[in-house]
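Peer 1: One file is attached below, upload_17.cif, containing mmCIF, C-alpha atoms and all ligand atoms; chains and numbers go by the auth columns.
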```cif
data_my_file
loop_
_atom_site.group_PDB
_atom_site.id
_atom_site.type_symbol
_atom_site.label_atom_id
_atom_site.label_comp_id
_atom_site.label_asym_id
_atom_site.label_seq_id
_atom_site.Cartn_x
_atom_site.Cartn_y
_atom_site.Cartn_z
_atom_site.B_iso_or_equiv
_atom_site.auth_seq_id
_atom_site.auth_asym_id
ATOM 1 C CA MET A 1 6.506 1.150 -28.662 0.00 41 X
ATOM 2 C CA THR A 2 7.843 -1.806 -26.675 0.00 42 X
ATOM 3 C CA ALA A 3 5.134 -4.150 -25.374 0.00 43 X
ATOM 4 C CA VAL A 4 4.798 -4.296 -21.592 0.00 44 X
ATOM 5 C CA ILE A 5 2.981 -6.794 -19.364 0.00 45 X
ATOM 6 C CA THR A 6 2.337 -5.372 -15.908 0.00 46 X
ATOM 7 C CA ILE A 7 1.822 -7.598 -12.870 0.00 47 X
ATOM 8 C CA ASP A 8 0.586 -5.791 -9.763 0.00 48 X
ATOM 9 C CA GLY A 9 -0.739 -7.161 -6.531 0.00 49 X
ATOM 10 C CA PRO A 10 -0.444 -7.266 -2.758 0.00 50 X
ATOM 11 C CA VAL A 11 2.488 -8.520 -0.717 0.00 51 X
ATOM 12 C CA SER A 12 3.321 -12.240 -1.087 0.00 52 X
ATOM 13 C CA SER A 13 0.913 -12.745 -3.981 0.00 53 X
ATOM 14 C CA GLY A 14 3.678 -14.461 -5.976 0.00 54 X
ATOM 15 C CA LYS A 15 4.154 -11.557 -8.405 0.00 55 X
ATOM 16 C CA GLY A 16 7.937 -11.801 -8.365 0.00 56 X
ATOM 17 C CA THR A 17 8.105 -15.513 -9.158 0.00 57 X
ATOM 18 C CA VAL A 18 5.377 -15.297 -11.777 0.00 58 X
ATOM 19 C CA ALA A 19 6.899 -12.208 -13.447 0.00 59 X
ATOM 20 C CA ARG A 20 10.302 -13.910 -13.670 0.00 60 X
ATOM 21 C CA ARG A 21 8.760 -17.030 -15.204 0.00 61 X
ATOM 22 C CA VAL A 22 6.646 -15.094 -17.730 0.00 62 X
ATOM 23 C CA ALA A 23 9.638 -12.952 -18.759 0.00 63 X
ATOM 24 C CA GLY A 24 11.761 -16.103 -19.130 0.00 64 X
ATOM 25 C CA ALA A 25 9.118 -17.858 -21.256 0.00 65 X
ATOM 26 C CA LEU A 26 8.784 -14.859 -23.587 0.00 66 X
ATOM 27 C CA GLY A 27 12.495 -13.939 -23.608 0.00 67 X
ATOM 28 C CA TRP A 28 11.557 -10.453 -22.384 0.00 68 X
ATOM 29 C CA HIS A 29 13.229 -8.093 -19.905 0.00 69 X
ATOM 30 C CA LEU A 30 12.124 -8.014 -16.267 0.00 70 X
ATOM 31 C CA LEU A 31 11.564 -5.070 -13.940 0.00 71 X
ATOM 32 C CA ASP A 32 11.214 -5.801 -10.225 0.00 72 X
ATOM 33 C CA SER A 33 10.141 -2.282 -9.249 0.00 73 X
ATOM 34 C CA GLY A 34 10.078 -3.151 -5.537 0.00 74 X
ATOM 35 C CA ALA A 35 13.839 -3.743 -5.802 0.00 75 X
ATOM 36 C CA LEU A 36 14.305 -0.080 -6.790 0.00 76 X
ATOM 37 C CA TYR A 37 12.484 1.104 -3.647 0.00 77 X
ATOM 38 C CA ARG A 38 14.502 -1.387 -1.597 0.00 78 X
ATOM 39 C CA LEU A 39 17.749 -0.174 -3.213 0.00 79 X
ATOM 40 C CA LEU A 40 16.895 3.419 -2.463 0.00 80 X
ATOM 41 C CA GLY A 41 16.070 2.637 1.185 0.00 81 X
ATOM 42 C CA LEU A 42 19.335 0.737 1.595 0.00 82 X
ATOM 43 C CA HIS A 43 21.394 3.376 -0.204 0.00 83 X
ATOM 44 C CA ALA A 44 19.871 6.129 1.946 0.00 84 X
ATOM 45 C CA ARG A 45 20.778 4.221 5.084 0.00 85 X
ATOM 46 C CA ASN A 46 24.325 3.578 3.827 0.00 86 X
ATOM 47 C CA CYS A 47 24.722 7.281 3.020 0.00 87 X
ATOM 48 C CA GLY A 48 23.264 8.438 6.341 0.00 88 X
ATOM 49 C CA VAL A 49 20.290 10.160 4.646 0.00 89 X
ATOM 50 C CA ALA A 50 17.146 10.400 6.794 0.00 90 X
ATOM 51 C CA LEU A 51 14.138 8.551 5.371 0.00 91 X
ATOM 52 C CA ASP A 52 12.007 11.701 5.460 0.00 92 X
ATOM 53 C CA ASP A 53 14.562 14.023 3.840 0.00 93 X
ATOM 54 C CA GLU A 54 12.753 14.322 0.497 0.00 94 X
ATOM 55 C CA PRO A 55 15.245 16.486 -1.420 0.00 95 X
ATOM 56 C CA ALA A 56 18.194 14.276 -0.426 0.00 96 X
ATOM 57 C CA LEU A 57 16.246 11.094 -1.246 0.00 97 X
ATOM 58 C CA VAL A 58 15.234 12.484 -4.642 0.00 98 X
ATOM 59 C CA ALA A 59 18.892 13.259 -5.404 0.00 99 X
ATOM 60 C CA LEU A 60 19.876 9.704 -4.421 0.00 100 X
ATOM 61 C CA ALA A 61 17.027 8.214 -6.500 0.00 101 X
ATOM 62 C CA ARG A 62 18.184 10.086 -9.601 0.00 102 X
ATOM 63 C CA GLU A 63 21.765 8.877 -9.244 0.00 103 X
ATOM 64 C CA LEU A 64 21.279 5.375 -7.787 0.00 104 X
ATOM 65 C CA PRO A 65 24.633 3.671 -8.502 0.00 105 X
ATOM 66 C CA VAL A 66 23.025 0.343 -9.363 0.00 106 X
ATOM 67 C CA ARG A 67 23.720 -2.319 -11.960 0.00 107 X
ATOM 68 C CA PHE A 68 21.650 -5.392 -12.747 0.00 108 X
ATOM 69 C CA ARG A 69 23.578 -8.371 -14.022 0.00 109 X
ATOM 70 C CA GLU A 70 22.319 -11.809 -14.987 0.00 110 X
ATOM 71 C CA ALA A 71 24.486 -14.691 -13.765 0.00 111 X
ATOM 72 C CA GLN A 72 23.484 -18.364 -14.205 0.00 112 X
ATOM 73 C CA GLY A 73 19.844 -17.426 -14.683 0.00 113 X
ATOM 74 C CA GLU A 74 19.812 -15.394 -11.458 0.00 114 X
ATOM 75 C CA MET A 75 19.630 -11.618 -11.254 0.00 115 X
ATOM 76 C CA VAL A 76 22.597 -10.140 -9.388 0.00 116 X
ATOM 77 C CA ILE A 77 22.053 -6.590 -8.111 0.00 117 X
ATOM 78 C CA LEU A 78 25.101 -4.417 -7.488 0.00 118 X
ATOM 79 C CA LEU A 79 24.920 -1.216 -5.456 0.00 119 X
ATOM 80 C CA GLN A 80 28.170 0.737 -5.678 0.00 120 X
ATOM 81 C CA ASP A 81 29.723 -2.457 -7.090 0.00 121 X
ATOM 82 C CA GLN A 82 28.691 -4.463 -4.030 0.00 122 X
ATOM 83 C CA ASP A 83 26.411 -7.497 -4.443 0.00 123 X
ATOM 84 C CA VAL A 84 23.274 -6.626 -2.429 0.00 124 X
ATOM 85 C CA SER A 85 20.951 -9.270 -3.959 0.00 125 X
ATOM 86 C CA ASP A 86 20.429 -11.094 -0.637 0.00 126 X
ATOM 87 C CA ILE A 87 20.374 -8.200 1.809 0.00 127 X
ATOM 88 C CA LEU A 88 17.796 -6.483 -0.427 0.00 128 X
ATOM 89 C CA ARG A 89 15.232 -9.219 0.324 0.00 129 X
ATOM 90 C CA THR A 90 15.446 -8.856 4.130 0.00 130 X
ATOM 91 C CA GLU A 91 12.484 -7.587 6.181 0.00 131 X
ATOM 92 C CA GLU A 92 14.687 -4.768 7.443 0.00 132 X
ATOM 93 C CA VAL A 93 15.326 -3.398 3.946 0.00 133 X
ATOM 94 C CA GLY A 94 11.643 -3.968 3.074 0.00 134 X
ATOM 95 C CA GLU A 95 10.795 -1.651 5.950 0.00 135 X
ATOM 96 C CA LEU A 96 13.199 1.043 4.647 0.00 136 X
ATOM 97 C CA ALA A 97 11.631 0.631 1.184 0.00 137 X
ATOM 98 C CA SER A 98 8.096 1.048 2.471 0.00 138 X
ATOM 99 C CA ARG A 99 9.073 4.328 4.120 0.00 139 X
ATOM 100 C CA VAL A 100 10.613 5.919 1.008 0.00 140 X
ATOM 101 C CA ALA A 101 7.820 4.527 -1.214 0.00 141 X
ATOM 102 C CA VAL A 102 5.173 6.801 0.388 0.00 142 X
ATOM 103 C CA LEU A 103 6.921 9.978 -0.795 0.00 143 X
ATOM 104 C CA GLN A 104 5.527 11.271 -4.103 0.00 144 X
ATOM 105 C CA PRO A 105 8.707 13.155 -5.172 0.00 145 X
ATOM 106 C CA VAL A 106 10.691 9.940 -4.660 0.00 146 X
ATOM 107 C CA ARG A 107 8.204 7.991 -6.794 0.00 147 X
ATOM 108 C CA ASP A 108 8.448 10.655 -9.497 0.00 148 X
ATOM 109 C CA ALA A 109 12.253 10.484 -9.414 0.00 149 X
ATOM 110 C CA LEU A 110 12.174 6.699 -9.933 0.00 150 X
ATOM 111 C CA MET A 111 9.673 6.941 -12.805 0.00 151 X
ATOM 112 C CA ALA A 112 12.166 7.565 -15.636 0.00 152 X
ATOM 113 C CA ARG A 113 14.397 4.769 -14.384 0.00 153 X
ATOM 114 C CA GLN A 114 11.470 2.330 -14.438 0.00 154 X
ATOM 115 C CA LYS A 115 10.320 3.386 -17.921 0.00 155 X
ATOM 116 C CA ALA A 116 13.856 2.861 -19.243 0.00 156 X
ATOM 117 C CA PHE A 117 13.437 -0.890 -18.663 0.00 157 X
ATOM 118 C CA ALA A 118 10.923 -1.035 -21.545 0.00 158 X
ATOM 119 C CA GLU A 119 13.292 -2.220 -24.268 0.00 159 X
ATOM 120 C CA PRO A 120 12.601 -4.583 -27.180 0.00 160 X
ATOM 121 C CA PRO A 121 11.524 -7.319 -27.428 0.00 161 X
ATOM 122 C CA GLY A 122 9.326 -6.573 -24.382 0.00 162 X
ATOM 123 C CA LEU A 123 9.115 -6.028 -20.623 0.00 163 X
ATOM 124 C CA VAL A 124 7.380 -7.780 -17.752 0.00 164 X
ATOM 125 C CA ALA A 125 7.106 -5.295 -14.850 0.00 165 X
ATOM 126 C CA ASP A 126 6.001 -6.247 -11.355 0.00 166 X
ATOM 127 C CA GLY A 127 5.056 -3.985 -8.465 0.00 167 X
ATOM 128 C CA ARG A 128 2.123 -2.093 -6.986 0.00 168 X
ATOM 129 C CA ASP A 129 1.451 0.632 -9.560 0.00 169 X
ATOM 130 C CA MET A 130 2.886 -0.718 -12.805 0.00 170 X
ATOM 131 C CA GLY A 131 -0.500 -0.791 -14.577 0.00 171 X
ATOM 132 C CA THR A 132 -2.069 2.201 -12.822 0.00 172 X
ATOM 133 C CA VAL A 133 0.790 4.749 -12.914 0.00 173 X
ATOM 134 C CA VAL A 134 4.027 3.731 -14.630 0.00 174 X
ATOM 135 C CA PHE A 135 2.937 1.780 -17.732 0.00 175 X
ATOM 136 C CA THR A 136 -0.654 2.948 -18.164 0.00 176 X
ATOM 137 C CA GLY A 137 -0.641 2.074 -21.877 0.00 177 X
ATOM 138 C CA ALA A 138 0.444 -1.554 -21.353 0.00 178 X
ATOM 139 C CA PRO A 139 -1.514 -3.953 -23.603 0.00 179 X
ATOM 140 C CA LEU A 140 -1.776 -6.574 -20.832 0.00 180 X
ATOM 141 C CA LYS A 141 -2.235 -5.742 -17.165 0.00 181 X
ATOM 142 C CA ILE A 142 -2.512 -8.432 -14.523 0.00 182 X
ATOM 143 C CA TYR A 143 -3.725 -7.951 -10.951 0.00 183 X
ATOM 144 C CA LEU A 144 -2.586 -10.991 -9.021 0.00 184 X
ATOM 145 C CA THR A 145 -3.966 -11.761 -5.613 0.00 185 X
ATOM 146 C CA ALA A 146 -4.696 -14.604 -3.174 0.00 186 X
ATOM 147 C CA SER A 147 -6.375 -14.809 0.216 0.00 187 X
ATOM 148 C CA ALA A 148 -4.382 -13.418 3.166 0.00 188 X
ATOM 149 C CA GLU A 149 -4.322 -16.922 4.712 0.00 189 X
ATOM 150 C CA GLU A 150 -2.864 -18.492 1.571 0.00 190 X
ATOM 151 C CA ARG A 151 -0.255 -15.743 1.182 0.00 191 X
ATOM 152 C CA ALA A 152 0.740 -16.180 4.839 0.00 192 X
ATOM 153 C CA ARG A 153 1.041 -19.945 4.296 0.00 193 X
ATOM 154 C CA ARG A 154 3.350 -19.402 1.300 0.00 194 X
ATOM 155 C CA ARG A 155 5.491 -16.978 3.284 0.00 195 X
ATOM 156 C CA TYR A 156 5.582 -19.438 6.203 0.00 196 X
ATOM 157 C CA ASN A 157 6.839 -22.225 3.931 0.00 197 X
ATOM 158 C CA GLN A 158 9.470 -19.936 2.374 0.00 198 X
ATOM 159 C CA LEU A 159 10.773 -18.978 5.814 0.00 199 X
ATOM 160 C CA LYS A 160 10.797 -22.598 6.970 0.00 200 X
ATOM 161 C CA ASP A 161 12.721 -23.636 3.839 0.00 201 X
ATOM 162 C CA LYS A 162 15.344 -21.031 4.699 0.00 202 X
ATOM 163 C CA GLY A 163 15.617 -22.446 8.217 0.00 203 X
ATOM 164 C CA PHE A 164 13.811 -19.544 9.957 0.00 204 X
ATOM 165 C CA GLY A 165 11.097 -20.043 12.547 0.00 205 X
ATOM 166 C CA ALA A 166 7.730 -18.376 11.906 0.00 206 X
ATOM 167 C CA ASN A 167 4.279 -18.091 13.401 0.00 207 X
ATOM 168 C CA LEU A 168 1.466 -18.545 10.893 0.00 208 X
ATOM 169 C CA ALA A 169 -1.140 -16.545 12.818 0.00 209 X
ATOM 170 C CA ALA A 170 1.299 -13.644 13.197 0.00 210 X
ATOM 171 C CA LEU A 171 2.077 -13.759 9.473 0.00 211 X
ATOM 172 C CA VAL A 172 -1.649 -13.539 8.609 0.00 212 X
ATOM 173 C CA GLU A 173 -1.946 -10.479 10.857 0.00 213 X
ATOM 174 C CA ASP A 174 1.170 -8.930 9.312 0.00 214 X
ATOM 175 C CA ILE A 175 -0.130 -9.445 5.775 0.00 215 X
ATOM 176 C CA ARG A 176 -3.524 -7.947 6.654 0.00 216 X
ATOM 177 C CA ALA A 177 -1.810 -4.890 8.160 0.00 217 X
ATOM 178 C CA ARG A 178 0.400 -4.446 5.084 0.00 218 X
ATOM 179 C CA ASP A 179 -2.609 -4.806 2.749 0.00 219 X
ATOM 180 C CA ASP A 180 -4.369 -2.138 4.731 0.00 220 X
ATOM 181 C CA ARG A 181 -1.381 0.216 4.466 0.00 221 X
ATOM 182 C CA ASP A 182 -0.867 -0.445 0.723 0.00 222 X
ATOM 183 C CA ILE A 183 -4.548 -0.011 -0.179 0.00 223 X
ATOM 184 C CA ASN A 184 -5.180 3.048 1.955 0.00 224 X
ATOM 185 C CA ARG A 185 -1.992 5.026 1.416 0.00 225 X
ATOM 186 C CA PRO A 186 -2.677 8.393 -0.240 0.00 226 X
ATOM 187 C CA VAL A 187 0.206 8.030 -2.713 0.00 227 X
ATOM 188 C CA ALA A 188 -0.063 5.374 -5.500 0.00 228 X
ATOM 189 C CA PRO A 189 -2.448 3.162 -3.496 0.00 229 X
ATOM 190 C CA LEU A 190 -2.610 -0.494 -4.457 0.00 230 X
ATOM 191 C CA ARG A 191 -5.625 -1.138 -6.679 0.00 231 X
ATOM 192 C CA PRO A 192 -6.315 -2.995 -9.920 0.00 232 X
ATOM 193 C CA ALA A 193 -6.164 -0.906 -13.093 0.00 233 X
ATOM 194 C CA ASP A 194 -9.634 -0.544 -14.655 0.00 234 X
ATOM 195 C CA ASP A 195 -8.488 -2.685 -17.593 0.00 235 X
ATOM 196 C CA ALA A 196 -6.593 -5.282 -15.532 0.00 236 X
ATOM 197 C CA VAL A 197 -7.197 -9.030 -15.778 0.00 237 X
ATOM 198 C CA GLN A 198 -7.691 -10.125 -12.169 0.00 238 X
ATOM 199 C CA ILE A 199 -6.285 -13.505 -11.183 0.00 239 X
ATOM 200 C CA ASP A 200 -6.979 -15.006 -7.766 0.00 240 X
ATOM 201 C CA SER A 201 -4.209 -17.566 -7.272 0.00 241 X
ATOM 202 C CA THR A 202 -5.484 -18.949 -3.933 0.00 242 X
ATOM 203 C CA ASP A 203 -6.146 -22.373 -5.485 0.00 243 X
ATOM 204 C CA MET A 204 -3.722 -22.157 -8.402 0.00 244 X
ATOM 205 C CA SER A 205 -0.159 -23.420 -8.792 0.00 245 X
ATOM 206 C CA VAL A 206 2.599 -21.137 -10.091 0.00 246 X
ATOM 207 C CA ASP A 207 2.446 -23.051 -13.411 0.00 247 X
ATOM 208 C CA ASP A 208 -1.317 -22.423 -13.646 0.00 248 X
ATOM 209 C CA VAL A 209 -0.841 -18.680 -13.134 0.00 249 X
ATOM 210 C CA VAL A 210 2.072 -18.433 -15.600 0.00 250 X
ATOM 211 C CA ASN A 211 0.118 -20.351 -18.260 0.00 251 X
ATOM 212 C CA ARG A 212 -2.955 -18.192 -17.723 0.00 252 X
ATOM 213 C CA ILE A 213 -0.882 -15.025 -18.283 0.00 253 X
ATOM 214 C CA LEU A 214 0.847 -16.500 -21.345 0.00 254 X
ATOM 215 C CA ASP A 215 -2.619 -17.371 -22.754 0.00 255 X
ATOM 216 C CA GLU A 216 -3.712 -13.765 -22.266 0.00 256 X
ATOM 217 C CA ALA A 217 -0.494 -12.592 -23.978 0.00 257 X
ATOM 218 C CA HIS A 218 -1.098 -14.916 -26.932 0.00 258 X
ATOM 219 C CA GLN A 219 -4.706 -13.771 -27.252 0.00 259 X
ATOM 220 C CA ARG A 220 -3.384 -10.208 -27.566 0.00 260 X
ATOM 221 C CA GLN A 221 -0.737 -11.359 -30.056 0.00 261 X
ATOM 222 C CA LEU A 222 2.038 -10.125 -27.802 0.00 262 X
ATOM 223 C CA ALA A 223 4.074 -13.301 -28.093 0.00 263 X
HETATM 224 O O1 LIG B . 7.417 -5.783 -3.627 0.00 301 K
HETATM 225 P P1 LIG B . 8.435 -5.416 -2.557 0.00 301 K
HETATM 226 O O2 LIG B . 8.172 -6.043 -1.211 0.00 301 K
HETATM 227 O O3 LIG B . 9.854 -5.664 -3.003 0.00 301 K
HETATM 228 O O4 LIG B . 8.283 -3.825 -2.380 0.00 301 K
HETATM 229 C C1 LIG B . 9.068 -3.117 -1.458 0.00 301 K
HETATM 230 C C2 LIG B . 8.326 -1.867 -1.008 0.00 301 K
HETATM 231 O O5 LIG B . 8.186 -0.939 -2.093 0.00 301 K
HETATM 232 C C3 LIG B . 6.916 -2.110 -0.474 0.00 301 K
HETATM 233 O O6 LIG B . 6.736 -1.292 0.656 0.00 301 K
HETATM 234 C C4 LIG B . 5.996 -1.643 -1.577 0.00 301 K
HETATM 235 C C5 LIG B . 6.825 -0.613 -2.303 0.00 301 K
HETATM 236 N N1 LIG B . 6.564 -0.595 -3.750 0.00 301 K
HETATM 237 C C6 LIG B . 5.834 0.421 -4.256 0.00 301 K
HETATM 238 O O7 LIG B . 5.368 1.295 -3.506 0.00 301 K
HETATM 239 N N2 LIG B . 5.602 0.493 -5.594 0.00 301 K
HETATM 240 C C7 LIG B . 6.092 -0.450 -6.424 0.00 301 K
HETATM 241 N N3 LIG B . 5.858 -0.356 -7.726 0.00 301 K
HETATM 242 C C8 LIG B . 6.832 -1.534 -5.899 0.00 301 K
HETATM 243 C C9 LIG B . 7.052 -1.582 -4.542 0.00 301 K
#
```
As structure tokens, please, write out the structure in this file.
Peer 2:
Amino acid sequence: MTAVITIDGPVSSGKGTVARRVAGALGWHLLDSGALYRLLGLHARNCGVALDDEPALVALARELPVRFREAQGEMVILLQDQDVSDILRTEEVGELASRVAVLQPVRDALMARQKAFAEPPGLVADGRDMGTVVFTGAPLKIYLTASAEERARRRYNQLKDKGFGANLAALVEDIRARDDRDINRPVAPLRPADDAVQIDSTDMSVDDVVNRILDEAHQRQLA
């Protein structure tokens, strides 16, 4: 069975960056499961499918016309042969994703697609339920978090770097509201797996977090 490292955690905890770095260091494949929910939300909108039409969304999820291609170290995501890598990261598409992600039949339909990413030599999978639902047998599960204030600060700096204005207090509120929704949703709620290693990155650099995870992987003889 292919080894999997799962990295779950709340919004803006740095999962994506850390997962990419860990996968790069190990030479393993990467699954950004949030991108699948984002792709489905975007595809549904493009196809004129309502975000509460479960049967139609399930059909779209099964046939998502998506390809992942690596170009100059960056992941390029093609939906119906169109590069959607940038639009996928927008708040608007995040909102579409969060609406389809609460539907259990949709989550079930995306399950096989997520599992198919587990190919040798190994997979690093990031999301909300990688360790608790999708890859329950993973030999290393990470639950990555940081205080709401620190996550808001990171998001603020990202937005500023991209030339967007932002209000720090509003971002803290937004992150608290999203945590509340993620933790309390009835379907695949965000929580650490019982056997997860919990890492609070509030006072850690990205390098610190990556090295900590690689240490855990070495201890388990995964690398
Ligand atoms: O991590 P992200 O912002 O790209 O996730 C987009 C949305 O999908 C967000 O609402 C959480 C949801 N999601 C999920 O329910 N389960 C996952 N494994 C990954 C993301």
Peer 1: Please write out the residues within 9 Å of ligand LIG 301 (chain K) as a tab-separated table (two decimals) with C-alpha atoms, keeping the file's coordinate frame, counting only C-alpha atoms and all ligand atoms.
Peer 2:
```tsv
chain	number	residue	atom	x	y	z
X	48	ASP	CA	0.59	-5.79	-9.76
X	49	GLY	CA	-0.74	-7.16	-6.53
X	50	PRO	CA	-0.44	-7.27	-2.76
X	51	VAL	CA	2.49	-8.52	-0.72
X	52	SER	CA	3.32	-12.24	-1.09
X	55	LYS	CA	4.15	-11.56	-8.40
X	56	GLY	CA	7.94	-11.80	-8.36
X	72	ASP	CA	11.21	-5.80	-10.22
X	73	SER	CA	10.14	-2.28	-9.25
X	74	GLY	CA	10.08	-3.15	-5.54
X	75	ALA	CA	13.84	-3.74	-5.80
X	76	LEU	CA	14.30	-0.08	-6.79
X	77	TYR	CA	12.48	1.10	-3.65
X	78	ARG	CA	14.50	-1.39	-1.60
X	128	LEU	CA	17.80	-6.48	-0.43
X	129	ARG	CA	15.23	-9.22	0.32
X	131	GLU	CA	12.48	-7.59	6.18
X	133	VAL	CA	15.33	-3.40	3.95
X	134	GLY	CA	11.64	-3.97	3.07
X	135	GLU	CA	10.80	-1.65	5.95
X	136	LEU	CA	13.20	1.04	4.65
X	137	ALA	CA	11.63	0.63	1.18
X	138	SER	CA	8.10	1.05	2.47
X	139	ARG	CA	9.07	4.33	4.12
X	140	VAL	CA	10.61	5.92	1.01
X	141	ALA	CA	7.82	4.53	-1.21
X	142	VAL	CA	5.17	6.80	0.39
X	147	ARG	CA	8.20	7.99	-6.79
X	165	ALA	CA	7.11	-5.30	-14.85
X	166	ASP	CA	6.00	-6.25	-11.36
X	167	GLY	CA	5.06	-3.98	-8.46
X	168	ARG	CA	2.12	-2.09	-6.99
X	169	ASP	CA	1.45	0.63	-9.56
X	170	MET	CA	2.89	-0.72	-12.80
X	173	VAL	CA	0.79	4.75	-12.91
X	174	VAL	CA	4.03	3.73	-14.63
X	218	ARG	CA	0.40	-4.45	5.08
X	222	ASP	CA	-0.87	-0.44	0.72
X	227	VAL	CA	0.21	8.03	-2.71
X	228	ALA	CA	-0.06	5.37	-5.50
X	229	PRO	CA	-2.45	3.16	-3.50
X	230	LEU	CA	-2.61	-0.49	-4.46
```
Peer 1: Here's the selection I'm unsure about, the PyMOL selection byres (((chain X and resi 60) around 12) and not hetatm); applied to the file above, which residues does it give, as a ChimeraX atom specification?
Peer 2: /X:45-47,54-59,61-72,113-115,163-166,246,250
Peer 1: Suppose we keep C-alpha atoms; can you now write the selection as a PDB file, in the coordinates of the input?
Peer 2:
```
ATOM      1  CA  ILE X  45       2.981  -6.794 -19.364  1.00  0.00           C
ATOM      2  CA  THR X  46       2.337  -5.372 -15.908  1.00  0.00           C
ATOM      3  CA  ILE X  47       1.822  -7.598 -12.870  1.00  0.00           C
ATOM      4  CA  GLY X  54       3.678 -14.461  -5.976  1.00  0.00           C
ATOM      5  CA  LYS X  55       4.154 -11.557  -8.405  1.00  0.00           C
ATOM      6  CA  GLY X  56       7.937 -11.801  -8.365  1.00  0.00           C
ATOM      7  CA  THR X  57       8.105 -15.513  -9.158  1.00  0.00           C
ATOM      8  CA  VAL X  58       5.377 -15.297 -11.777  1.00  0.00           C
ATOM      9  CA  ALA X  59       6.899 -12.208 -13.447  1.00  0.00           C
ATOM     10  CA  ARG X  61       8.760 -17.030 -15.204  1.00  0.00           C
ATOM     11  CA  VAL X  62       6.646 -15.094 -17.730  1.00  0.00           C
ATOM     12  CA  ALA X  63       9.638 -12.952 -18.759  1.00  0.00           C
ATOM     13  CA  GLY X  64      11.761 -16.103 -19.130  1.00  0.00           C
ATOM     14  CA  ALA X  65       9.118 -17.858 -21.256  1.00  0.00           C
ATOM     15  CA  LEU X  66       8.784 -14.859 -23.587  1.00  0.00           C
ATOM     16  CA  GLY X  67      12.495 -13.939 -23.608  1.00  0.00           C
ATOM     17  CA  TRP X  68      11.557 -10.453 -22.384  1.00  0.00           C
ATOM     18  CA  HIS X  69      13.229  -8.093 -19.905  1.00  0.00           C
ATOM     19  CA  LEU X  70      12.124  -8.014 -16.267  1.00  0.00           C
ATOM     20  CA  LEU X  71      11.564  -5.070 -13.940  1.00  0.00           C
ATOM     21  CA  ASP X  72      11.214  -5.801 -10.225  1.00  0.00           C
ATOM     22  CA  GLY X 113      19.844 -17.426 -14.683  1.00  0.00           C
ATOM     23  CA  GLU X 114      19.812 -15.394 -11.458  1.00  0.00           C
ATOM     24  CA  MET X 115      19.630 -11.618 -11.254  1.00  0.00           C
ATOM     25  CA  LEU X 163       9.115  -6.028 -20.623  1.00  0.00           C
ATOM     26  CA  VAL X 164       7.380  -7.780 -17.752  1.00  0.00           C
ATOM     27  CA  ALA X 165       7.106  -5.295 -14.850  1.00  0.00           C
ATOM     28  CA  ASP X 166       6.001  -6.247 -11.355  1.00  0.00           C
ATOM     29  CA  VAL X 246       2.599 -21.137 -10.091  1.00  0.00           C
ATOM     30  CA  VAL X 250       2.072 -18.433 -15.600  1.00  0.00           C
TER      31      VAL X 250
END
```
Peer 1: Could you tell me which residues the PyMOL selection byres (((chain X and resi 102-112) around 12) and not hetatm) grabs in this file, written as a short mmCIF file (atom, residue, chain, number, x, y, z; two decimals) with C-alpha atoms, keeping the file's coordinate frame?
Peer 2:
```
data_model
loop_
_atom_site.label_atom_id
_atom_site.label_comp_id
_atom_site.auth_asym_id
_atom_site.auth_seq_id
_atom_site.Cartn_x
_atom_site.Cartn_y
_atom_site.Cartn_z
CA HIS X 69 13.23 -8.09 -19.90
CA LEU X 70 12.12 -8.01 -16.27
CA LEU X 71 11.56 -5.07 -13.94
CA ASP X 72 11.21 -5.80 -10.22
CA ALA X 75 13.84 -3.74 -5.80
CA LEU X 76 14.30 -0.08 -6.79
CA TYR X 77 12.48 1.10 -3.65
CA ARG X 78 14.50 -1.39 -1.60
CA LEU X 79 17.75 -0.17 -3.21
CA LEU X 80 16.90 3.42 -2.46
CA GLY X 81 16.07 2.64 1.18
CA LEU X 82 19.34 0.74 1.60
CA HIS X 83 21.39 3.38 -0.20
CA ALA X 84 19.87 6.13 1.95
CA CYS X 87 24.72 7.28 3.02
CA PRO X 95 15.24 16.49 -1.42
CA ALA X 96 18.19 14.28 -0.43
CA LEU X 97 16.25 11.09 -1.25
CA VAL X 98 15.23 12.48 -4.64
CA ALA X 99 18.89 13.26 -5.40
CA LEU X 100 19.88 9.70 -4.42
CA ALA X 101 17.03 8.21 -6.50
CA GLY X 113 19.84 -17.43 -14.68
CA GLU X 114 19.81 -15.39 -11.46
CA MET X 115 19.63 -11.62 -11.25
CA VAL X 116 22.60 -10.14 -9.39
CA ILE X 117 22.05 -6.59 -8.11
CA LEU X 118 25.10 -4.42 -7.49
CA LEU X 119 24.92 -1.22 -5.46
CA GLN X 120 28.17 0.74 -5.68
CA ASP X 121 29.72 -2.46 -7.09
CA GLN X 122 28.69 -4.46 -4.03
CA ASP X 123 26.41 -7.50 -4.44
CA VAL X 124 23.27 -6.63 -2.43
CA SER X 125 20.95 -9.27 -3.96
CA PRO X 145 8.71 13.16 -5.17
CA VAL X 146 10.69 9.94 -4.66
CA ARG X 147 8.20 7.99 -6.79
CA ASP X 148 8.45 10.66 -9.50
CA ALA X 149 12.25 10.48 -9.41
CA LEU X 150 12.17 6.70 -9.93
CA MET X 151 9.67 6.94 -12.80
CA ALA X 152 12.17 7.56 -15.64
CA ARG X 153 14.40 4.77 -14.38
CA GLN X 154 11.47 2.33 -14.44
CA PHE X 157 13.44 -0.89 -18.66
#
```
Peer 1: Evaluating the PyMOL selection byres (((chain X and resi 188-197) around 7) and not hetatm) on the displayed file yields which residues, as a list in words?
Peer 2: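 On this input, the PyMOL selection byres (((chain X and resi 188-197) around 7) and not hetatm) captures Ser52, Ser53, Ala186, Ser187, Gln198, Leu199, Lys200, Asp201, Ala206, Leu208, Leu211, Val212, Ile215, Arg216 and Thr242 of chain X.
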Peer 1: What is the distance between atom CA of Thr42 of chain X and atom CA of Thr185 of chain X, in Å to one decimal?
Peer 2: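 These atoms are spaced 26.1 Å apart.
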